[in-house]
Amino acid sequence: MTDQSDSSNDPSRRWETDRTTFQRVYDILVGTTDSVPAQQFAEWAHCSENGARQALEQLVEMGIAEQTGDRPTLYQRNPSYFQWKRVETLAREQSAGELRTRLEELIETDQELQETYGVPEPDAVVVSDDPRENHDVIHDRWDDLTEWRTIRRDITILKRAVQRAESTNNGRIQSNT
């Protein structure tokens, strides 16, 4: 015997019943970085393949998704859309000055990493495959390189967010009242 209240407390069940097919496909798309056929989206979103395809086509029209491949047609999220969305959110939630301060911090960290590794960018760092090299040193280097790539991506986004914040409110903090 199944208790009705137990199924209503199950988050995956609530996700399936409380969200439309379009919303579930969108949720899946946001968390997917690979190109995937509509059939796979349908399986993940608990809907028909036709329903998933219709939602994906709408997302393509909106610029949120991209269509790749021919047979089968594959879909993936549009990274440009999500970068734009991040820039807009940052510019709306923070002042140009706050964004500029964070940007300066990241640029300083980027310069420190350039000095530490003696190269201008993370992809220029040579990471040894030699099993005799200290595992902790290799692990720390990989961590640094991952952080450095993230810093580079964030610098690009923050530069755009500063420009957006300055263009929308002339660098002043907007009042929500």
# chains A, B, ... in the order shown; residues from 1 in each chain; ligands from 1

call {"tool": "select_by_dssp", "arguments": {"residues": "chain A", "states": "helix (DSSP H, G or I)", "output": "MDAnalysis selection string"}}
result
chainID A and resid 4:8 11:18 21:30 38:45 49:61 79:93 96:117 122:124 135:169

call {"tool": "residues_around", "arguments": {"residues": "A:Arg77", "least_positions_apart": "2", "cutoff": "8 Å", "atoms": "only C-alpha atoms", "output": "list in words"}}
result
Leu29, Val30, Thr32, Thr33, Ile64, Ala65, Glu66, Tyr75 and Pro79 of chain A

call {"tool": "closest_residue", "arguments": {"among": "A:Lys159, A:Arg92, A:Arg100, A:His46", "to": "A:Trp15", "atoms": "only C-alpha atoms"}}
result
A:His46

call {"tool": "atom_distance", "arguments": {"atom1": "atom CA of A:Val119", "atom2": "atom CA of A:Ile157"}}
result
22.4 Å

call {"tool": "residues_around", "arguments": {"residues": "A:Val126", "least_positions_apart": "5", "cutoff": "12 Å", "atoms": "only C-alpha atoms", "output": "list of chain:residue names"}}
result
A:Tyr117, A:Gly118, A:Val119, A:Glu121, A:Ile138, A:Arg141, A:Trp142, A:Leu145
